[in-house]
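Below: one structure, written as C-alpha cells.
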Amino acid sequence: MHITFCCTDTKAEPWLDGLRAALPGATVTQWQAGAAQADYAVVWAPPQQFLDEQMALKAILNIGAGVDALMKLKLPAKAKVIRLDDAGMAVQMAEYVCQAVVRHFRELDVYETETAQQNWAFRKPRNRVDFPVGVMGLGALGERVAQALHSFEFPVNGWSRSAKSVNGVQCFGGLGELDNFLRATRILVCLLPLTPDTRDIMRRETLSKLQLGGYVINVARGAHLVDEDLLSLVDSGHLSGATLDVFRTEPLPQAHPFWQHPKINVTPHVSARTLRDESIHQIVGKIAALERGEGVAGIVDIQRGY
Ligand code: NAP
Ligand code: GLV
C-alpha cells in the first residue's frame, strides 16, 4: 500500500514518521510532482496539480475537520473524501467557546482592564438566563460545545440542517427555523462548515435578529461572517462584541480593524488544533477499515460540501 502526504503549511517529517510507525507494511512518501501513484492521500489544502496527477486514489484523508479548501478543487471521481471526525478537536473547541462565553458573561475583560489599574471594584452579577447561547452547527464539534455550555447552566439553542435531539439543548432545524433560532439567542457561536449555503450567513440581516446586546463567537471559517456588518452592528450598540478565531484572510492583515477594536477579541485560528497523534491514529484506523471493505465515519458528501 502506498500513502502519499501532501499538506500545505505542515511540517512533513513528524507526520511521515508517525504514519510509517503506525503502518509498518506501507510505503509512506511526501508527494512531489511526478511521483508514483498512491492508494491513499493524507492532505491539507493540496494544489490542484496533486489531484490531477494522483488518479488512482481510493481515499483522500483531510487532516482537519473543514474540507472547504478541498471542495474548491476538481477531485478525482472515484476517491472518497474523508475528514477528521473530532480526533481531539471537540474538547478543545468546547474549552475555547466556554471560555469566550464565560469571559463575556462574567465581564472578565472589564475586570482585566480595571485590575490593570489596581482598581478593586465589583460589578452587579448578571443572570445567565438572560444569556441564551445559540450554536450554529451541531456536528462533531458543535454538539460537544452545546453540551459543555449546558453543563454551565446557560440556556442553549442549536441549529443544524436536519432536525436533531441533544440533551439540554433546544434544537432548531433547517432554514425555516433559522429566524426563531436567532431570535431566541443572545450569544451566537458559529460551528458550521463553509459551503455555498453557509457563506456570509452572519450578515446584517441575520445578526440583527439576535437579542439586544448580542455577542458573536466565530470558530468556523472567516467567510461565514461579513466583517463590515459585524463592525457596524457593534459600533451601533446592537451587538456588544465578538470573539473571532477565523478570518477571511489569514493571517489577519495588519490594517484590519478587528485587531484594534476594543470590543473584539482575536485569536490566530487556534480554537481547535489538529493533534498529530490522535489524527494519525484515526486516519490509520480508517485506512484499515476501508481495506477490509468496512464503512468509516467522516465521509464527505461532495454535493453538500461537508
Ligand atoms: P460536522 O460534523 O460536519 O458538522 C457540521 C454541522 O453543521 C452539522 O450539524 C450540519 O447539519 C450543520 N450544517 C451544515 N450545513 C448547514 C446548513 N446549510 N444549515 C444548517 N446547518 C448546517 O463538522 P464539525 O466537525 O463539527 O466541524 C465544523 C466546522 O468547524 C468545520 O467545517 C471547520 O470549518 C470548523 N473548524 C474550525 C476549527 C478552528 O480551529 N477554528 C477547527 C476545526 C474545525 P446536519 O447535522 O444536519 O448535517
Ligand atoms: C481547522 O480549522 C479544521 O478545519 O480542522
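Here, A, B, ... name the chains of the C-alpha cells in the order displayed, residue numbers run from 1 inside each chain, and ligands are numbered from 1 in the same displayed order.
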Need to verify the contact set: Gly134 in chain A, 6 Å, only C-alpha atoms, exclusion of same-chain residues closer than 2 positions in sequence. Can you return it as a PyMOL selection string? chain A and resi 156-158+185+188
Those selected residues, please, written with all heavy atoms and delivered as a short mmCIF file (atom, residue, chain, number, x, y, z; two decimals), in the first residue's frame.
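As written to disk, selection18.cif reads:
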```cif
data_model
loop_
_atom_site.label_atom_id
_atom_site.label_comp_id
_atom_site.auth_asym_id
_atom_site.auth_seq_id
_atom_site.Cartn_x
_atom_site.Cartn_y
_atom_site.Cartn_z
N VAL A 156 -29.30 26.84 26.14
CA VAL A 156 -28.57 26.57 24.89
C VAL A 156 -29.55 26.22 23.77
O VAL A 156 -30.43 25.36 23.94
CB VAL A 156 -27.56 25.41 25.07
CG1 VAL A 156 -26.74 25.22 23.79
CG2 VAL A 156 -26.62 25.67 26.24
N ASN A 157 -29.38 26.90 22.63
CA ASN A 157 -30.12 26.58 21.41
C ASN A 157 -29.13 26.00 20.41
O ASN A 157 -27.95 26.36 20.42
CB ASN A 157 -30.72 27.85 20.78
CG ASN A 157 -31.60 28.60 21.76
OD1 ASN A 157 -32.47 28.01 22.40
ND2 ASN A 157 -31.36 29.90 21.91
N GLY A 158 -29.63 25.14 19.53
CA GLY A 158 -28.76 24.59 18.49
C GLY A 158 -29.49 24.62 17.15
O GLY A 158 -30.71 24.45 17.11
N THR A 185 -31.67 33.74 20.69
CA THR A 185 -30.24 33.66 21.01
C THR A 185 -29.65 35.03 21.31
O THR A 185 -29.96 36.02 20.64
CB THR A 185 -29.50 33.03 19.79
OG1 THR A 185 -29.90 31.66 19.69
CG2 THR A 185 -28.00 33.10 19.92
N LEU A 188 -24.08 34.13 19.91
CA LEU A 188 -24.13 33.24 18.73
C LEU A 188 -22.76 32.63 18.49
O LEU A 188 -21.75 33.34 18.38
CB LEU A 188 -24.54 34.07 17.51
CG LEU A 188 -24.69 33.28 16.19
CD1 LEU A 188 -25.87 32.31 16.26
CD2 LEU A 188 -24.88 34.24 15.01
#
```
Residues at most 10 Å from ligand 2, using only C-alpha atoms and all ligand atoms? Could they come as an mmCIF file with N, CA, C and O atoms, in the first residue's frame?
```cif
data_model
loop_
_atom_site.group_PDB
_atom_site.id
_atom_site.type_symbol
_atom_site.label_atom_id
_atom_site.label_comp_id
_atom_site.auth_asym_id
_atom_site.auth_seq_id
_atom_site.Cartn_x
_atom_site.Cartn_y
_atom_site.Cartn_z
ATOM 1 N N TRP A 44 -3.759 18.411 3.370
ATOM 2 C CA TRP A 44 -4.352 19.663 3.843
ATOM 3 C C TRP A 44 -4.115 20.694 2.730
ATOM 4 O O TRP A 44 -2.963 20.944 2.359
ATOM 5 N N ASN A 62 -8.329 14.127 4.926
ATOM 6 C CA ASN A 62 -8.031 15.522 5.247
ATOM 7 C C ASN A 62 -7.589 15.617 6.707
ATOM 8 O O ASN A 62 -8.262 15.061 7.590
ATOM 9 N N ILE A 63 -6.496 16.324 6.993
ATOM 10 C CA ILE A 63 -6.038 16.392 8.397
ATOM 11 C C ILE A 63 -6.683 17.564 9.148
ATOM 12 O O ILE A 63 -6.066 18.180 10.014
ATOM 13 N N GLY A 64 -7.917 17.864 8.811
ATOM 14 C CA GLY A 64 -8.708 18.850 9.533
ATOM 15 C C GLY A 64 -10.160 18.438 9.442
ATOM 16 O O GLY A 64 -10.518 17.512 8.687
ATOM 17 N N ALA A 65 -11.010 19.161 10.190
ATOM 18 C CA ALA A 65 -12.455 18.876 10.121
ATOM 19 C C ALA A 65 -13.078 19.552 8.910
ATOM 20 O O ALA A 65 -13.977 19.007 8.277
ATOM 21 N N GLY A 66 -12.619 20.751 8.588
ATOM 22 C CA GLY A 66 -13.205 21.515 7.487
ATOM 23 C C GLY A 66 -12.580 21.105 6.159
ATOM 24 O O GLY A 66 -11.356 21.009 6.042
ATOM 25 N N VAL A 67 -13.435 20.901 5.158
ATOM 26 C CA VAL A 67 -12.935 20.478 3.844
ATOM 27 C C VAL A 67 -13.158 21.552 2.784
ATOM 28 O O VAL A 67 -13.085 21.277 1.595
ATOM 29 N N ASP A 68 -13.421 22.785 3.211
ATOM 30 C CA ASP A 68 -13.732 23.855 2.250
ATOM 31 C C ASP A 68 -12.587 24.082 1.258
ATOM 32 O O ASP A 68 -12.833 24.347 0.085
ATOM 33 N N ALA A 69 -11.328 23.936 1.697
ATOM 34 C CA ALA A 69 -10.201 24.138 0.768
ATOM 35 C C ALA A 69 -10.210 23.054 -0.306
ATOM 36 O O ALA A 69 -9.921 23.309 -1.474
ATOM 37 N N ARG A 83 -12.914 13.419 6.254
ATOM 38 C CA ARG A 83 -12.401 14.488 7.112
ATOM 39 C C ARG A 83 -12.100 13.935 8.498
ATOM 40 O O ARG A 83 -12.559 12.832 8.843
ATOM 41 N N LEU A 84 -11.393 14.704 9.317
ATOM 42 C CA LEU A 84 -11.207 14.289 10.707
ATOM 43 C C LEU A 84 -12.543 14.398 11.420
ATOM 44 O O LEU A 84 -13.298 15.352 11.227
ATOM 45 N N ASP A 85 -12.807 13.410 12.239
ATOM 46 C CA ASP A 85 -14.064 13.332 12.955
ATOM 47 C C ASP A 85 -13.705 13.468 14.448
ATOM 48 O O ASP A 85 -13.288 12.488 15.054
ATOM 49 N N ASP A 86 -13.739 14.678 14.938
ATOM 50 C CA ASP A 86 -13.325 15.006 16.317
ATOM 51 C C ASP A 86 -11.795 14.878 16.458
ATOM 52 O O ASP A 86 -11.080 15.878 16.414
ATOM 53 N N ALA A 87 -11.284 13.678 16.649
ATOM 54 C CA ALA A 87 -9.832 13.440 16.780
ATOM 55 C C ALA A 87 -9.182 14.405 17.779
ATOM 56 O O ALA A 87 -8.106 14.952 17.528
ATOM 57 N N MET A 89 -10.406 17.346 18.693
ATOM 58 C CA MET A 89 -10.737 18.754 18.469
ATOM 59 C C MET A 89 -11.978 19.205 19.248
ATOM 60 O O MET A 89 -12.098 20.371 19.610
ATOM 61 N N PRO A 193 -19.851 24.127 8.717
ATOM 62 C CA PRO A 193 -18.845 24.023 7.651
ATOM 63 C C PRO A 193 -19.070 25.160 6.661
ATOM 64 O O PRO A 193 -20.196 25.660 6.537
ATOM 65 N N LEU A 194 -18.024 25.572 5.969
ATOM 66 C CA LEU A 194 -18.187 26.622 4.955
ATOM 67 C C LEU A 194 -18.608 25.972 3.637
ATOM 68 O O LEU A 194 -17.858 25.202 3.038
ATOM 69 N N VAL A 219 -15.840 30.457 15.270
ATOM 70 C CA VAL A 219 -14.735 29.497 15.346
ATOM 71 C C VAL A 219 -14.780 28.547 14.152
ATOM 72 O O VAL A 219 -14.154 27.492 14.182
ATOM 73 N N ALA A 220 -15.531 28.931 13.111
ATOM 74 C CA ALA A 220 -15.689 28.013 11.971
ATOM 75 C C ALA A 220 -14.796 28.456 10.811
ATOM 76 O O ALA A 220 -13.664 27.983 10.678
ATOM 77 N N ARG A 221 -15.262 29.393 10.002
ATOM 78 C CA ARG A 221 -14.459 29.949 8.918
ATOM 79 C C ARG A 221 -14.772 31.437 8.788
ATOM 80 O O ARG A 221 -15.922 31.863 8.991
ATOM 81 N N ASP A 245 -11.901 33.708 15.891
ATOM 82 C CA ASP A 245 -10.704 32.861 15.766
ATOM 83 C C ASP A 245 -10.336 32.628 14.304
ATOM 84 O O ASP A 245 -9.259 32.127 14.019
ATOM 85 N N VAL A 246 -11.267 32.970 13.398
ATOM 86 C CA VAL A 246 -11.067 32.669 11.967
ATOM 87 C C VAL A 246 -11.430 33.900 11.149
ATOM 88 O O VAL A 246 -12.312 34.678 11.543
ATOM 89 N N HIS A 269 -6.642 31.475 14.746
ATOM 90 C CA HIS A 269 -7.117 30.158 14.267
ATOM 91 C C HIS A 269 -6.525 29.019 15.105
ATOM 92 O O HIS A 269 -5.844 28.131 14.586
ATOM 93 N N VAL A 270 -6.803 29.099 16.393
ATOM 94 C CA VAL A 270 -6.241 28.090 17.311
ATOM 95 C C VAL A 270 -7.305 27.432 18.188
ATOM 96 O O VAL A 270 -6.961 26.701 19.115
ATOM 97 N N SER A 271 -8.586 27.684 17.903
ATOM 98 C CA SER A 271 -9.599 27.190 18.853
ATOM 99 C C SER A 271 -9.580 25.673 18.958
ATOM 100 O O SER A 271 -9.798 25.130 20.032
ATOM 101 N N ALA A 272 -9.339 24.969 17.861
ATOM 102 C CA ALA A 272 -9.193 23.505 17.930
ATOM 103 C C ALA A 272 -8.093 23.108 16.947
ATOM 104 O O ALA A 272 -8.307 23.127 15.741
ATOM 105 N N ARG A 273 -6.941 22.761 17.490
ATOM 106 C CA ARG A 273 -5.807 22.404 16.634
ATOM 107 C C ARG A 273 -5.905 20.934 16.227
ATOM 108 O O ARG A 273 -6.434 20.110 16.986
ATOM 109 N N THR A 274 -5.358 20.630 15.066
ATOM 110 C CA THR A 274 -5.193 19.221 14.687
ATOM 111 C C THR A 274 -4.118 18.625 15.587
ATOM 112 O O THR A 274 -3.003 19.157 15.663
ATOM 113 N N LEU A 275 -4.463 17.561 16.289
ATOM 114 C CA LEU A 275 -3.490 16.888 17.161
ATOM 115 C C LEU A 275 -2.905 15.709 16.378
ATOM 116 O O LEU A 275 -3.648 14.819 15.936
#
```
Looking at only C-alpha atoms, which of A:Val296, A:Ala163, A:Asn127, A:Val189 is the one that sits closest to Ala146 in chain A? A:Val189
Let me make sure I understand: among A:Gln92, A:Ser151, A:Gln37, A:Asn180, which one has the smallest atom-to-atom distance to ligand 1 if we use only C-alpha atoms and all ligand atoms? A:Gln92
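Nearest residue to ligand 1 among A:Thr198, A:Thr10, A:Gln30, A:Thr206 is A:Thr198, counting only C-alpha atoms and all ligand atoms.
Proximity ranking of A:Leu290, A:Ala100, A:Ala26, A:Val43 relative to Val266 in chain A places A:Ala100 first, based on only C-alpha atoms.
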Test item: residues at most 12 Å from Ile217 in chain A, only C-alpha atoms, excluding those fewer than 4 positions along its chain, as an NGL selection string: :A and (93 or 96-104 or 133-136 or 186-192 or 202 or 207 or 221-222 or 224-225 or 230 or 239-247 or 264-267 or 271)
